[in-house]
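Data block below; observations after.
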Amino acid sequence: MTSETPAIRLTGLTKTFGAVNAVDNLDLDIAEGEFFSMLGPSGSGKTTVLRLIAGFEMPTSGTVELLGQDVTSRAPFDRDVNTVFQDYALFPHMTVLENVAYGLRVRGIAKNERLERATAALEAVALGTFGPRKPSQLSGGQRQRVALARATVVEPKVLLLDEPLGALDLKLREQMQVELKELQRSLGITFIFVTHDQEEALTLSDRIAVFNNGRIEQLGTPAEIYEAPMSPFVASFVGTSNIFDADEAKGMLGRDGVCSIRPEKITLHAPGGKVVTDTVALAGRVTEVIYLGTSMRILVDVDGGKRLTVLEQNAGTASPLDRRGEVVSVRFSPSDLVDLEPAMA
Amino acid sequence: MRLSRVARVTLGTITALILAVVYMPLFVVFVNSFSTSTSLTWPPPGFTLEWWGRAFRNAGALEGVTTSLQIALASTAIALVLGTLVSLALQRHTFFGRDSVSLLVILPIALPGIVTGIALNNAFRTILDVRLGVLTIIVAHATFCIVTVFNNVIARLRRMGTSLEEASADLGAGVWTTFRLVTFPQLRSALLAGGLLAFALSFDEIIVTTFTAGAGVTTLPIWILDNLFRPSQAPIVNVIAVMLVFVSIVPIYFAQRLAGAEQLQK
């Protein structure tokens, strides 16, 4: 039955700062071995949830369970979870090796063993020869790896990562994403990853919780979140969406309720051509073409005043500037439209 | 910024004048400590090392040095412990009246020494019924020595943030272990700088000391004041004054250098 006990179970978790509900009555199960992302804009409560799990904050109400044990009132040093901090929080007066060995040292593990294990952990993040250096002598990416080694060497049940890649440049971030994923697979422990970068969340996660105003707006696999967003917030926060409000949906598409469509599901055609059955065709005019390298983002004003974003693969045909002002027929399949629940008031 | 020649010469002259006003008297004291005249006449009629030799054999002066050192060390030690504790309380916790406590801690350094002196003298003698002596001086000095430690430590705590301590707790360290292995090493240079300043403050303090010393306790500054106008002792006073200058400057110099080195490291 152990496999069915969640690594983390949050029940009715609420955290209030003054009059603000940072976390609002949250219920959530995170399975063992899962790579779970908490995605949301800043101030959405995702970091507070992480700090509540780590024990740095006490909840106003509700409970935190770790592998079936209630740890709500336990101090951070009494919980089998470890954190990789956004600013890494490496101890500046200790060497890299001493930093990694710290968790073992305070657990009273003998010097030989802890140096051995810390060295092994440093080797696992390809920093085997960096042990004697001070953190200030390392680059951002290297500090990040030291922070990972320091948190994993004590073999936590759950690893919490607070926007760990936020301070790295794009190339390094992509490389670290791959390394994180590999590390999680090889350790087989639960990773809870906080990020505001939707692409990062989609790339890494088994499941994503999209946070907004202290609540989970949607919970699902990356594909579910991207393909079937359940609210206008999720549709626009995760990727780009063309959202039709109730009036627009009724007038332009003949549908009831709010719905949306992804830019890459729309195609542009010369006006007047034959329209395949079961296809929506709207007349419009290209107002802007944005060159993105592998693709083009094209803004089209359709009749009725709605502006749509269309994503086209860069097939290298016409110069993008030629298309500004062009009259086009905007087509998409109604089956690609996603119904969004009206946003809660 | 470029200055005209006239402006540079004018500003240079003013700076030189001000520095001269501040440091010339010190220079005179230094020269007079080698003078053959016993009445501080200027210019000195001749030079001798006799006073320096006599100063090192003067029982009153030596006792003053010992007493002042004891007091400075003890009040610095008290200031280090209490200053660190109060900074931790004020920086790491929120509680009712925090801002008031913060102000009350800093206030003693702004209070006129004579007020502190009178107040403590009254409190010790009439309310607490304590005999004035070395102990009362130590307590009195500690009231303003705390401030330099407090200012240094609280600034360091503020800059350090809480994430190092959180990381330590996260890795399994209890409160005391975290303080010993993470917080204290981070505070060390701030404590040294604050402690050196506190030591210098206490070592040459005279106003509060006068009110809290009682009979029989002679710190070095009190001994100097007592002997300054005795004709036979004046040259020895000059020698002691020169030594006091060095004892006060050296800690300040190191405190400054520490602060500078910290700045460079960040």
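By convention in this document, the chains of the structure tokens carry letters A, B, ... by their order, each chain's residues are numbered from 1, and ligands are numbered from 1 in the order they are shown.
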
List the spatial neighbours of Arg255 (chain A) as a list in words - criterion: any atom at most 12 Å away, only C-alpha atoms, same-chain residues fewer than 5 positions off excluded.
Phe244, Asp245, Ala246, Asp247, Glu248, Ala249, Lys250, Ser260, Val280, Pro334, Leu337, Val338 and Asp339 of chain A

Keeping only N, CA and C atoms, take the residues you just selected and write them out as an mmCIF file, in the first residue's frame.
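Wrote it out as result_22.cif, contents follow:
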data_model
loop_
_atom_site.group_PDB
_atom_site.id
_atom_site.type_symbol
_atom_site.label_atom_id
_atom_site.label_comp_id
_atom_site.auth_asym_id
_atom_site.auth_seq_id
_atom_site.Cartn_x
_atom_site.Cartn_y
_atom_site.Cartn_z
ATOM 1 N N PHE A 244 -12.038 33.940 -27.252
ATOM 2 C CA PHE A 244 -13.274 34.586 -27.684
ATOM 3 C C PHE A 244 -14.190 34.688 -26.475
ATOM 4 N N ASP A 245 -14.580 35.906 -26.122
ATOM 5 C CA ASP A 245 -15.523 35.999 -25.009
ATOM 6 C C ASP A 245 -16.912 35.579 -25.486
ATOM 7 N N ALA A 246 -17.879 35.533 -24.591
ATOM 8 C CA ALA A 246 -19.179 34.946 -24.904
ATOM 9 C C ALA A 246 -19.836 35.630 -26.114
ATOM 10 N N ASP A 247 -19.752 36.969 -26.178
ATOM 11 C CA ASP A 247 -20.374 37.692 -27.288
ATOM 12 C C ASP A 247 -19.690 37.376 -28.609
ATOM 13 N N GLU A 248 -18.336 37.377 -28.557
ATOM 14 C CA GLU A 248 -17.580 37.114 -29.789
ATOM 15 C C GLU A 248 -17.829 35.690 -30.275
ATOM 16 N N ALA A 249 -17.874 34.742 -29.340
ATOM 17 C CA ALA A 249 -18.098 33.353 -29.708
ATOM 18 C C ALA A 249 -19.452 33.204 -30.386
ATOM 19 N N LYS A 250 -20.446 33.886 -29.843
ATOM 20 C CA LYS A 250 -21.805 33.835 -30.397
ATOM 21 C C LYS A 250 -21.829 34.475 -31.790
ATOM 22 N N SER A 260 -11.411 29.236 -26.734
ATOM 23 C CA SER A 260 -10.118 29.742 -27.194
ATOM 24 C C SER A 260 -9.507 28.787 -28.218
ATOM 25 N N VAL A 280 -14.043 26.716 -39.959
ATOM 26 C CA VAL A 280 -14.430 28.102 -39.732
ATOM 27 C C VAL A 280 -13.572 28.975 -40.633
ATOM 28 N N PRO A 334 -13.288 23.772 -36.048
ATOM 29 C CA PRO A 334 -13.977 24.027 -34.771
ATOM 30 C C PRO A 334 -13.594 23.025 -33.687
ATOM 31 N N LEU A 337 -11.173 24.292 -31.170
ATOM 32 C CA LEU A 337 -11.600 25.285 -30.173
ATOM 33 C C LEU A 337 -11.745 24.596 -28.815
ATOM 34 N N VAL A 338 -11.302 25.276 -27.783
ATOM 35 C CA VAL A 338 -11.399 24.726 -26.426
ATOM 36 C C VAL A 338 -12.389 25.570 -25.640
ATOM 37 N N ASP A 339 -13.368 24.898 -25.038
ATOM 38 C CA ASP A 339 -14.329 25.634 -24.207
ATOM 39 C C ASP A 339 -13.696 25.952 -22.859
#

Within 10 Å of chain B, which residues of chain A come that close, and what is the closest atom pair and distance in Å for each? Count only C-alpha atoms and give it as a tab-separated table.
residue	atom	partner	partner_atom	distance
A:Ala54	CA	B:Asp170	CA	7.2
A:Gly55	CA	B:Asp170	CA	8.3
A:Phe56	CA	B:Glu166	CA	7.2
A:Ala75	CA	B:Ala169	CA	8.1
A:Pro76	CA	B:Asp170	CA	5.2
A:Phe77	CA	B:Gly172	CA	3.9
A:Asp78	CA	B:Gly172	CA	6.6
A:Arg79	CA	B:Asp170	CA	7.9
A:Asp80	CA	B:Gly172	CA	8.7
A:Val81	CA	B:Asp170	CA	7.5
A:Asn82	CA	B:Asp170	CA	5.8
A:Thr83	CA	B:Asp170	CA	6.7
A:Val84	CA	B:Ala167	CA	8.4
A:Phe85	CA	B:Ala167	CA	7.8
A:Gln86	CA	B:Ser163	CA	9.5
A:Asp87	CA	B:Ser163	CA	8.2
A:Tyr88	CA	B:Ser163	CA	8.6
A:Ala89	CA	B:Leu164	CA	5.2
A:Leu90	CA	B:Leu164	CA	6.9
A:Phe91	CA	B:Leu164	CA	6.5
A:Pro92	CA	B:Gln186	CA	8.3
A:His93	CA	B:Pro185	CA	7.1
A:Met94	CA	B:Val182	CA	9.2
A:Asn99	CA	B:Ser168	CA	9.9
A:Val100	CA	B:Leu171	CA	9.9
A:Ala101	CA	B:Leu171	CA	9.9
A:Tyr102	CA	B:Leu171	CA	7.3
A:Gly103	CA	B:Leu171	CA	4.7
A:Leu104	CA	B:Leu171	CA	8.2
A:Arg105	CA	B:Ala173	CA	9.0
A:Val106	CA	B:Ala173	CA	5.5
A:Arg107	CA	B:Gly172	CA	6.8
A:Ser136	CA	B:Gln265	CA	9.2
A:Ala147	CA	B:Ala167	CA	9.8
A:Arg150	CA	B:Leu171	CA	8.3
A:Ala151	CA	B:Leu171	CA	7.1
A:Thr152	CA	B:Leu171	CA	9.8
A:Val153	CA	B:Leu171	CA	9.8
A:Val154	CA	B:Leu171	CA	7.7
A:Pro156	CA	B:Leu171	CA	9.5

Same residues, N, CA and C atoms, saved as a CSV table (one decimal), in the first residue's frame:
chain,number,residue,atom,x,y,z
A,54,ALA,N,8.4,23.0,3.3
A,54,ALA,CA,9.7,23.0,3.9
A,54,ALA,C,9.7,23.2,5.4
A,55,GLY,N,8.6,24.0,5.8
A,55,GLY,CA,8.5,24.3,7.3
A,55,GLY,C,9.0,25.7,7.6
A,56,PHE,N,9.4,26.5,6.6
A,56,PHE,CA,9.8,27.9,6.9
A,56,PHE,C,8.7,28.8,7.4
A,75,ALA,N,9.6,21.4,12.9
A,75,ALA,CA,10.6,22.5,12.4
A,75,ALA,C,11.2,22.0,11.1
A,76,PRO,N,11.8,22.9,10.3
A,76,PRO,CA,12.4,22.5,9.1
A,76,PRO,C,13.5,21.4,9.2
A,77,PHE,N,14.2,21.5,10.3
A,77,PHE,CA,15.3,20.5,10.5
A,77,PHE,C,14.8,19.2,10.9
A,78,ASP,N,13.5,19.0,11.1
A,78,ASP,CA,12.9,17.8,11.5
A,78,ASP,C,12.0,17.2,10.4
A,79,ARG,N,12.2,17.7,9.2
A,79,ARG,CA,11.4,17.1,8.1
A,79,ARG,C,12.4,16.6,7.0
A,80,ASP,N,11.9,15.5,6.4
A,80,ASP,CA,12.8,14.8,5.4
A,80,ASP,C,12.6,15.4,4.0
A,81,VAL,N,12.6,16.7,4.0
A,81,VAL,CA,12.5,17.4,2.7
A,81,VAL,C,13.7,18.4,2.6
A,82,ASN,N,14.2,18.6,1.4
A,82,ASN,CA,15.3,19.6,1.3
A,82,ASN,C,15.0,20.5,0.2
A,83,THR,N,15.6,21.7,0.3
A,83,THR,CA,15.3,22.8,-0.6
A,83,THR,C,16.5,23.2,-1.4
A,84,VAL,N,16.3,23.5,-2.7
A,84,VAL,CA,17.3,24.2,-3.5
A,84,VAL,C,16.7,25.7,-3.6
A,85,PHE,N,17.5,26.6,-3.0
A,85,PHE,CA,17.0,28.0,-2.9
A,85,PHE,C,17.2,28.8,-4.2
A,86,GLN,N,16.3,29.7,-4.4
A,86,GLN,CA,16.4,30.6,-5.6
A,86,GLN,C,17.8,31.3,-5.7
A,87,ASP,N,18.3,31.8,-4.5
A,87,ASP,CA,19.6,32.4,-4.6
A,87,ASP,C,20.7,31.4,-4.1
A,88,TYR,N,20.4,30.1,-4.2
A,88,TYR,CA,21.3,29.0,-3.8
A,88,TYR,C,21.6,29.0,-2.3
A,89,ALA,N,21.8,30.1,-1.7
A,89,ALA,CA,22.1,30.1,-0.2
A,89,ALA,C,23.2,29.2,0.2
A,90,LEU,N,24.3,29.3,-0.6
A,90,LEU,CA,25.5,28.5,-0.2
A,90,LEU,C,26.2,29.3,0.9
A,91,PHE,N,26.8,28.6,1.8
A,91,PHE,CA,27.5,29.2,3.0
A,91,PHE,C,28.8,29.8,2.5
A,92,PRO,N,28.9,31.2,2.5
A,92,PRO,CA,30.1,31.8,1.8
A,92,PRO,C,31.4,31.5,2.5
A,93,HIS,N,31.3,31.2,3.9
A,93,HIS,CA,32.6,31.0,4.6
A,93,HIS,C,33.1,29.6,4.5
A,94,MET,N,32.3,28.7,3.9
A,94,MET,CA,32.7,27.3,3.8
A,94,MET,C,33.2,27.0,2.3
A,99,ASN,N,30.3,22.9,2.2
A,99,ASN,CA,28.9,23.2,1.9
A,99,ASN,C,28.1,21.9,1.7
A,100,VAL,N,28.6,21.0,0.8
A,100,VAL,CA,27.9,19.8,0.4
A,100,VAL,C,27.8,18.8,1.6
A,101,ALA,N,28.9,18.8,2.5
A,101,ALA,CA,29.0,17.9,3.6
A,101,ALA,C,28.2,18.4,4.8
A,102,TYR,N,27.7,19.7,4.7
A,102,TYR,CA,27.0,20.3,5.9
A,102,TYR,C,25.9,19.5,6.5
A,103,GLY,N,25.0,19.0,5.6
A,103,GLY,CA,23.8,18.3,6.1
A,103,GLY,C,24.2,17.0,6.8
A,104,LEU,N,25.3,16.4,6.3
A,104,LEU,CA,25.8,15.2,6.9
A,104,LEU,C,26.5,15.5,8.3
A,105,ARG,N,27.2,16.6,8.3
A,105,ARG,CA,27.9,17.0,9.5
A,105,ARG,C,27.0,17.2,10.6
A,106,VAL,N,25.9,18.0,10.4
A,106,VAL,CA,24.9,18.3,11.5
A,106,VAL,C,24.1,17.1,11.9
A,107,ARG,N,24.1,16.0,11.0
A,107,ARG,CA,23.5,14.8,11.4
A,107,ARG,C,24.4,13.9,12.2
A,136,SER,N,32.2,31.8,-3.9
A,136,SER,CA,32.4,33.0,-4.6
A,136,SER,C,33.2,32.8,-5.8
A,147,ALA,N,24.4,23.6,-5.0
A,147,ALA,CA,23.2,23.7,-4.2
A,147,ALA,C,22.4,22.4,-4.4
A,150,ARG,N,24.3,19.6,-2.5
A,150,ARG,CA,24.1,19.8,-1.0
A,150,ARG,C,22.7,19.3,-0.5
A,151,ALA,N,21.7,19.6,-1.4
A,151,ALA,CA,20.4,19.2,-1.0
A,151,ALA,C,20.1,17.7,-1.2
A,152,THR,N,20.8,17.1,-2.2
A,152,THR,CA,20.5,15.7,-2.5
A,152,THR,C,21.4,14.7,-1.7
A,153,VAL,N,22.5,15.2,-1.2
A,153,VAL,CA,23.5,14.3,-0.5
A,153,VAL,C,22.9,13.7,0.8
A,154,VAL,N,21.9,14.4,1.4
A,154,VAL,CA,21.3,13.9,2.6
A,154,VAL,C,20.1,13.0,2.3
A,156,PRO,N,17.0,13.2,0.7
A,156,PRO,CA,15.6,13.6,1.2
A,156,PRO,C,14.6,12.7,0.5

Neighbour list for region 103-109 of chain B as number ranges by chain, cut-off 12 Å, only C-alpha atoms, skip fewer than 6 positions in-chain
B: 79, 82-87, 90, 97, 115-117, 119-120, 140-152, 154, 198, 201-202, 208

Go ahead and save the picked residues with N, CA and C atoms, as a compact mmCIF listing (two decimals), in the first residue's frame.
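Result file follows (selection05.txt):
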# COMPACT_ATOMS: atom_id res chain seq x y z
N ALA B 79 29.23 44.16 26.02
CA ALA B 79 28.60 44.74 24.84
C ALA B 79 28.49 43.73 23.71
N LEU B 82 25.54 41.18 24.74
CA LEU B 82 24.20 41.79 24.74
C LEU B 82 23.88 42.42 23.38
N GLY B 83 24.88 43.04 22.76
CA GLY B 83 24.66 43.68 21.46
C GLY B 83 24.24 42.67 20.41
N THR B 84 24.90 41.49 20.41
CA THR B 84 24.55 40.45 19.45
C THR B 84 23.13 39.94 19.70
N LEU B 85 22.83 39.70 20.98
CA LEU B 85 21.50 39.17 21.30
C LEU B 85 20.40 40.15 20.90
N VAL B 86 20.61 41.43 21.23
CA VAL B 86 19.55 42.39 20.92
C VAL B 86 19.42 42.58 19.41
N SER B 87 20.53 42.51 18.67
CA SER B 87 20.41 42.63 17.21
C SER B 87 19.65 41.45 16.63
N LEU B 90 15.98 41.96 17.35
CA LEU B 90 15.33 43.05 16.60
C LEU B 90 15.31 42.78 15.10
N GLY B 97 6.40 46.71 20.16
CA GLY B 97 7.37 47.62 20.75
C GLY B 97 8.78 47.48 20.19
N VAL B 115 24.81 63.61 31.50
CA VAL B 115 23.47 63.16 31.90
C VAL B 115 23.52 61.69 32.29
N THR B 116 24.14 60.88 31.41
CA THR B 116 24.30 59.45 31.72
C THR B 116 25.02 59.30 33.06
N GLY B 117 26.06 60.11 33.24
CA GLY B 117 26.86 60.02 34.46
C GLY B 117 26.04 60.31 35.69
N ALA B 119 22.78 60.32 36.01
CA ALA B 119 21.69 59.37 36.16
C ALA B 119 22.19 58.08 36.79
N LEU B 120 23.30 57.56 36.26
CA LEU B 120 23.82 56.30 36.78
C LEU B 120 24.32 56.47 38.22
N ALA B 140 28.42 51.11 33.43
CA ALA B 140 28.15 52.39 32.78
C ALA B 140 28.70 52.42 31.36
N HIS B 141 29.94 51.95 31.20
CA HIS B 141 30.52 51.94 29.85
C HIS B 141 29.77 51.00 28.91
N ALA B 142 29.33 49.87 29.46
CA ALA B 142 28.62 48.90 28.61
C ALA B 142 27.37 49.51 27.99
N THR B 143 26.73 50.48 28.69
CA THR B 143 25.49 51.04 28.15
C THR B 143 25.71 51.70 26.79
N PHE B 144 26.88 52.35 26.61
CA PHE B 144 27.08 52.94 25.27
C PHE B 144 27.96 52.07 24.36
N CYS B 145 28.72 51.14 24.96
CA CYS B 145 29.51 50.23 24.12
C CYS B 145 28.62 49.28 23.32
N ILE B 146 27.45 48.93 23.92
CA ILE B 146 26.50 48.05 23.22
C ILE B 146 26.15 48.63 21.85
N VAL B 147 26.06 49.96 21.80
CA VAL B 147 25.56 50.59 20.58
C VAL B 147 26.46 50.30 19.38
N THR B 148 27.78 50.37 19.56
CA THR B 148 28.65 50.15 18.40
C THR B 148 28.56 48.69 17.94
N VAL B 149 28.47 47.76 18.88
CA VAL B 149 28.31 46.36 18.51
C VAL B 149 26.97 46.16 17.80
N PHE B 150 25.93 46.71 18.43
CA PHE B 150 24.58 46.59 17.87
C PHE B 150 24.52 47.11 16.43
N ASN B 151 25.07 48.30 16.20
CA ASN B 151 25.01 48.88 14.86
C ASN B 151 25.72 48.01 13.83
N ASN B 152 26.88 47.51 14.18
CA ASN B 152 27.63 46.65 13.24
C ASN B 152 26.90 45.34 12.98
N ILE B 154 23.68 44.47 13.51
CA ILE B 154 22.35 44.51 12.89
C ILE B 154 22.47 44.82 11.40
N ALA B 198 34.06 49.71 20.48
CA ALA B 198 33.59 49.74 21.86
C ALA B 198 34.77 49.87 22.81
N LEU B 201 36.11 53.38 22.70
CA LEU B 201 35.19 54.28 23.39
C LEU B 201 35.40 54.23 24.90
N SER B 202 35.49 53.01 25.43
CA SER B 202 35.59 52.83 26.87
C SER B 202 36.95 53.28 27.39
N VAL B 208 31.46 60.01 32.03
CA VAL B 208 30.65 59.01 32.73
C VAL B 208 31.49 58.35 33.81

Within region 177-298 of chain A, find each residue whose DSSP state, derived from the backbone, is alpha helix (DSSP H), and express the selection as a VMD selection string.
chain A and resid 177 to 187 198 to 204 222 to 227 232 to 237 246 to 248

Kindly export the residues of the current selection with C-alpha atoms, as a short mmCIF file (atom, residue, chain, number, x, y, z; two decimals), in the first residue's frame.
data_model
loop_
_atom_site.label_atom_id
_atom_site.label_comp_id
_atom_site.auth_asym_id
_atom_site.auth_seq_id
_atom_site.Cartn_x
_atom_site.Cartn_y
_atom_site.Cartn_z
CA GLN A 177 16.70 21.49 -17.36
CA VAL A 178 18.03 18.34 -18.97
CA GLU A 179 20.35 17.68 -16.02
CA LEU A 180 17.53 18.21 -13.51
CA LYS A 181 15.31 15.75 -15.32
CA GLU A 182 18.10 13.16 -15.46
CA LEU A 183 18.92 13.71 -11.78
CA GLN A 184 15.29 13.23 -10.81
CA ARG A 185 15.09 9.99 -12.79
CA SER A 186 18.29 8.60 -11.32
CA LEU A 187 17.39 9.53 -7.71
CA GLN A 198 5.50 28.03 -18.44
CA GLU A 199 7.85 26.53 -21.02
CA GLU A 200 10.10 25.18 -18.26
CA ALA A 201 7.11 23.65 -16.50
CA LEU A 202 5.84 22.03 -19.71
CA THR A 203 9.31 20.64 -20.53
CA LEU A 204 10.12 19.10 -17.16
CA PRO A 222 1.59 19.26 -19.46
CA ALA A 223 -0.46 18.06 -22.45
CA GLU A 224 -3.75 18.47 -20.56
CA ILE A 225 -2.78 21.94 -19.37
CA TYR A 226 -1.71 23.06 -22.82
CA GLU A 227 -4.33 21.32 -24.97
CA PRO A 232 -9.10 31.99 -19.59
CA PHE A 233 -6.29 32.48 -17.05
CA VAL A 234 -4.69 29.12 -17.78
CA ALA A 235 -5.25 29.52 -21.52
CA SER A 236 -3.39 32.81 -21.59
CA PHE A 237 -0.74 32.10 -18.91
CA ALA A 246 -19.18 34.95 -24.90
CA ASP A 247 -20.37 37.69 -27.29
CA GLU A 248 -17.58 37.11 -29.79
#

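One finds CA of Thr267 (chain A) at 18.6 Å from CA of Gly305 (chain A).
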
Can you check which residues of region 164-331 of chain A DSSP gives as strand (DSSP E or B) on the backbone and send them as a PyMOL selection string?
chain A and resi 190-195+207-212+215-220+242-244+259-261+267-269+280-291+295-302+307-313+327-331

Which residues are near Met176 (chain A)? Cut-off 10 Å, only C-alpha atoms, ignore same chain within fewer than 3 positions. Put them as a ChimeraX atom specification.
/A:141,144-145,164-165,168,170-173,179-182

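For the atom pair formed by CA of Met38 (chain A) and CA of Leu13 (chain A), the distance is 15.1 Å, given to one decimal.
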
Proximity to Leu115 (chain A) - best of A:Tyr291, A:Gly128, A:Glu264, A:Ser335, only C-alpha atoms:
A:Gly128

Which of these, B:Leu128, B:Ile14, B:Ala55, B:Leu3, has the shortest distance to Ser232 (chain B) once you count only C-alpha atoms?
B:Ala55

Taking 4 positions as the minimum chain separation for residues in the same chain, which residues sit within 12 Å of Leu62 (chain B) when counting only C-alpha atoms? Answer as number ranges by chain.
B: 54-58, 66-69, 218-221, 223-224, 236-237, 240, 243

Using only C-alpha atoms, find the one residue out of B:Val134, B:Leu88, B:Val22, B:Ile114 that sits nearest to Arg156 (chain B).
B:Leu88

Spatial neighbours of Val130 (chain B), max dist 12 Å, only C-alpha atoms, sep filter under 3 positions, as a PDB file with N, CA and C atoms, in the first residue's frame:
ATOM      1  N   LEU B 120      23.299  57.559  36.256  1.00  0.00           N
ATOM      2  CA  LEU B 120      23.819  56.295  36.778  1.00  0.00           C
ATOM      3  C   LEU B 120      24.321  56.474  38.215  1.00  0.00           C
ATOM      4  N   ASN B 121      24.966  57.615  38.453  1.00  0.00           N
ATOM      5  CA  ASN B 121      25.458  57.886  39.806  1.00  0.00           C
ATOM      6  C   ASN B 121      24.310  57.832  40.812  1.00  0.00           C
ATOM      7  N   ASN B 122      23.201  58.509  40.467  1.00  0.00           N
ATOM      8  CA  ASN B 122      22.021  58.506  41.340  1.00  0.00           C
ATOM      9  C   ASN B 122      21.463  57.110  41.519  1.00  0.00           C
ATOM     10  N   ALA B 123      21.332  56.419  40.396  1.00  0.00           N
ATOM     11  CA  ALA B 123      20.716  55.093  40.440  1.00  0.00           C
ATOM     12  C   ALA B 123      21.552  54.149  41.288  1.00  0.00           C
ATOM     13  N   PHE B 124      22.859  54.155  41.059  1.00  0.00           N
ATOM     14  CA  PHE B 124      23.726  53.249  41.794  1.00  0.00           C
ATOM     15  C   PHE B 124      23.695  53.545  43.291  1.00  0.00           C
ATOM     16  N   ARG B 125      23.795  54.853  43.634  1.00  0.00           N
ATOM     17  CA  ARG B 125      23.972  55.186  45.044  1.00  0.00           C
ATOM     18  C   ARG B 125      22.672  55.161  45.822  1.00  0.00           C
ATOM     19  N   THR B 126      21.609  55.801  45.234  1.00  0.00           N
ATOM     20  CA  THR B 126      20.400  55.976  46.039  1.00  0.00           C
ATOM     21  C   THR B 126      19.402  54.841  45.859  1.00  0.00           C
ATOM     22  N   ILE B 127      19.268  54.303  44.624  1.00  0.00           N
ATOM     23  CA  ILE B 127      18.234  53.298  44.416  1.00  0.00           C
ATOM     24  C   ILE B 127      18.778  51.891  44.648  1.00  0.00           C
ATOM     25  N   GLY B 133      32.599  51.802  42.044  1.00  0.00           N
ATOM     26  CA  GLY B 133      33.906  51.180  41.891  1.00  0.00           C
ATOM     27  C   GLY B 133      34.103  50.728  40.450  1.00  0.00           C
ATOM     28  N   VAL B 134      35.022  49.796  40.275  1.00  0.00           N
ATOM     29  CA  VAL B 134      35.306  49.310  38.921  1.00  0.00           C
ATOM     30  C   VAL B 134      34.051  48.721  38.277  1.00  0.00           C
ATOM     31  N   LEU B 135      33.295  47.977  39.064  1.00  0.00           N
ATOM     32  CA  LEU B 135      32.105  47.313  38.524  1.00  0.00           C
ATOM     33  C   LEU B 135      31.080  48.303  37.970  1.00  0.00           C
ATOM     34  N   THR B 136      30.860  49.393  38.728  1.00  0.00           N
ATOM     35  CA  THR B 136      29.866  50.364  38.258  1.00  0.00           C
ATOM     36  C   THR B 136      30.357  51.065  36.993  1.00  0.00           C
ATOM     37  N   ILE B 137      31.677  51.283  36.883  1.00  0.00           N
ATOM     38  CA  ILE B 137      32.199  51.880  35.643  1.00  0.00           C
ATOM     39  C   ILE B 137      31.956  50.939  34.471  1.00  0.00           C
ATOM     40  N   VAL B 139      29.632  48.668  34.076  1.00  0.00           N
ATOM     41  CA  VAL B 139      28.216  48.691  33.685  1.00  0.00           C
ATOM     42  C   VAL B 139      27.904  49.980  32.923  1.00  0.00           C
ATOM     43  N   THR B 212      30.860  57.639  37.961  1.00  0.00           N
ATOM     44  CA  THR B 212      30.566  56.282  38.421  1.00  0.00           C
ATOM     45  C   THR B 212      31.774  55.614  39.081  1.00  0.00           C
ATOM     46  N   ALA B 213      32.895  56.361  39.208  1.00  0.00           N
ATOM     47  CA  ALA B 213      34.126  55.728  39.682  1.00  0.00           C
ATOM     48  C   ALA B 213      34.191  55.622  41.205  1.00  0.00           C
ATOM     49  N   GLY B 214      33.707  56.624  41.888  1.00  0.00           N
ATOM     50  CA  GLY B 214      33.864  56.579  43.338  1.00  0.00           C
ATOM     51  C   GLY B 214      35.312  56.830  43.722  1.00  0.00           C
TER      52      GLY B 214
END

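Distances here use only C-alpha atoms; by that measure, the residue among A:Val96, A:Ile189, A:Val194, A:Met252 closest to Lys134 (chain A) is A:Val96.
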
Just the residues within 12 Å of Thr277 (chain A), please, counting only C-alpha atoms, with nothing from its chain fewer than 2 positions along; format it as number ranges by chain.
A: 274-275, 279-281, 331-334

Could those residues be written to a file, using N, CA and C atoms, as a compact mmCIF listing (two decimals), in the first residue's frame?
# COMPACT_ATOMS: atom_id res chain seq x y z
N LYS A 274 -11.77 27.72 -51.98
CA LYS A 274 -12.80 26.81 -51.53
C LYS A 274 -12.57 26.44 -50.07
N VAL A 275 -13.63 26.54 -49.27
CA VAL A 275 -13.50 26.22 -47.85
C VAL A 275 -13.94 24.78 -47.63
N THR A 279 -15.11 23.77 -41.49
CA THR A 279 -14.00 24.66 -41.18
C THR A 279 -14.55 26.05 -40.98
N VAL A 280 -14.04 26.72 -39.96
CA VAL A 280 -14.43 28.10 -39.73
C VAL A 280 -13.57 28.98 -40.63
N ALA A 281 -14.16 29.88 -41.38
CA ALA A 281 -13.39 30.81 -42.22
C ALA A 281 -13.82 32.23 -41.88
N ARG A 331 -8.56 30.42 -41.26
CA ARG A 331 -9.35 29.18 -41.13
C ARG A 331 -8.84 28.29 -40.01
N PHE A 332 -9.79 27.65 -39.37
CA PHE A 332 -9.42 26.64 -38.37
C PHE A 332 -10.58 25.69 -38.19
N SER A 333 -10.24 24.54 -37.63
CA SER A 333 -11.27 23.54 -37.41
C SER A 333 -11.97 23.82 -36.09
N PRO A 334 -13.29 23.77 -36.05
CA PRO A 334 -13.98 24.03 -34.77
C PRO A 334 -13.59 23.02 -33.69

Provide the CA of Thr14 (chain A) to CA of Ile30 (chain A) distance in Å, to one decimal place.
17.4 Å
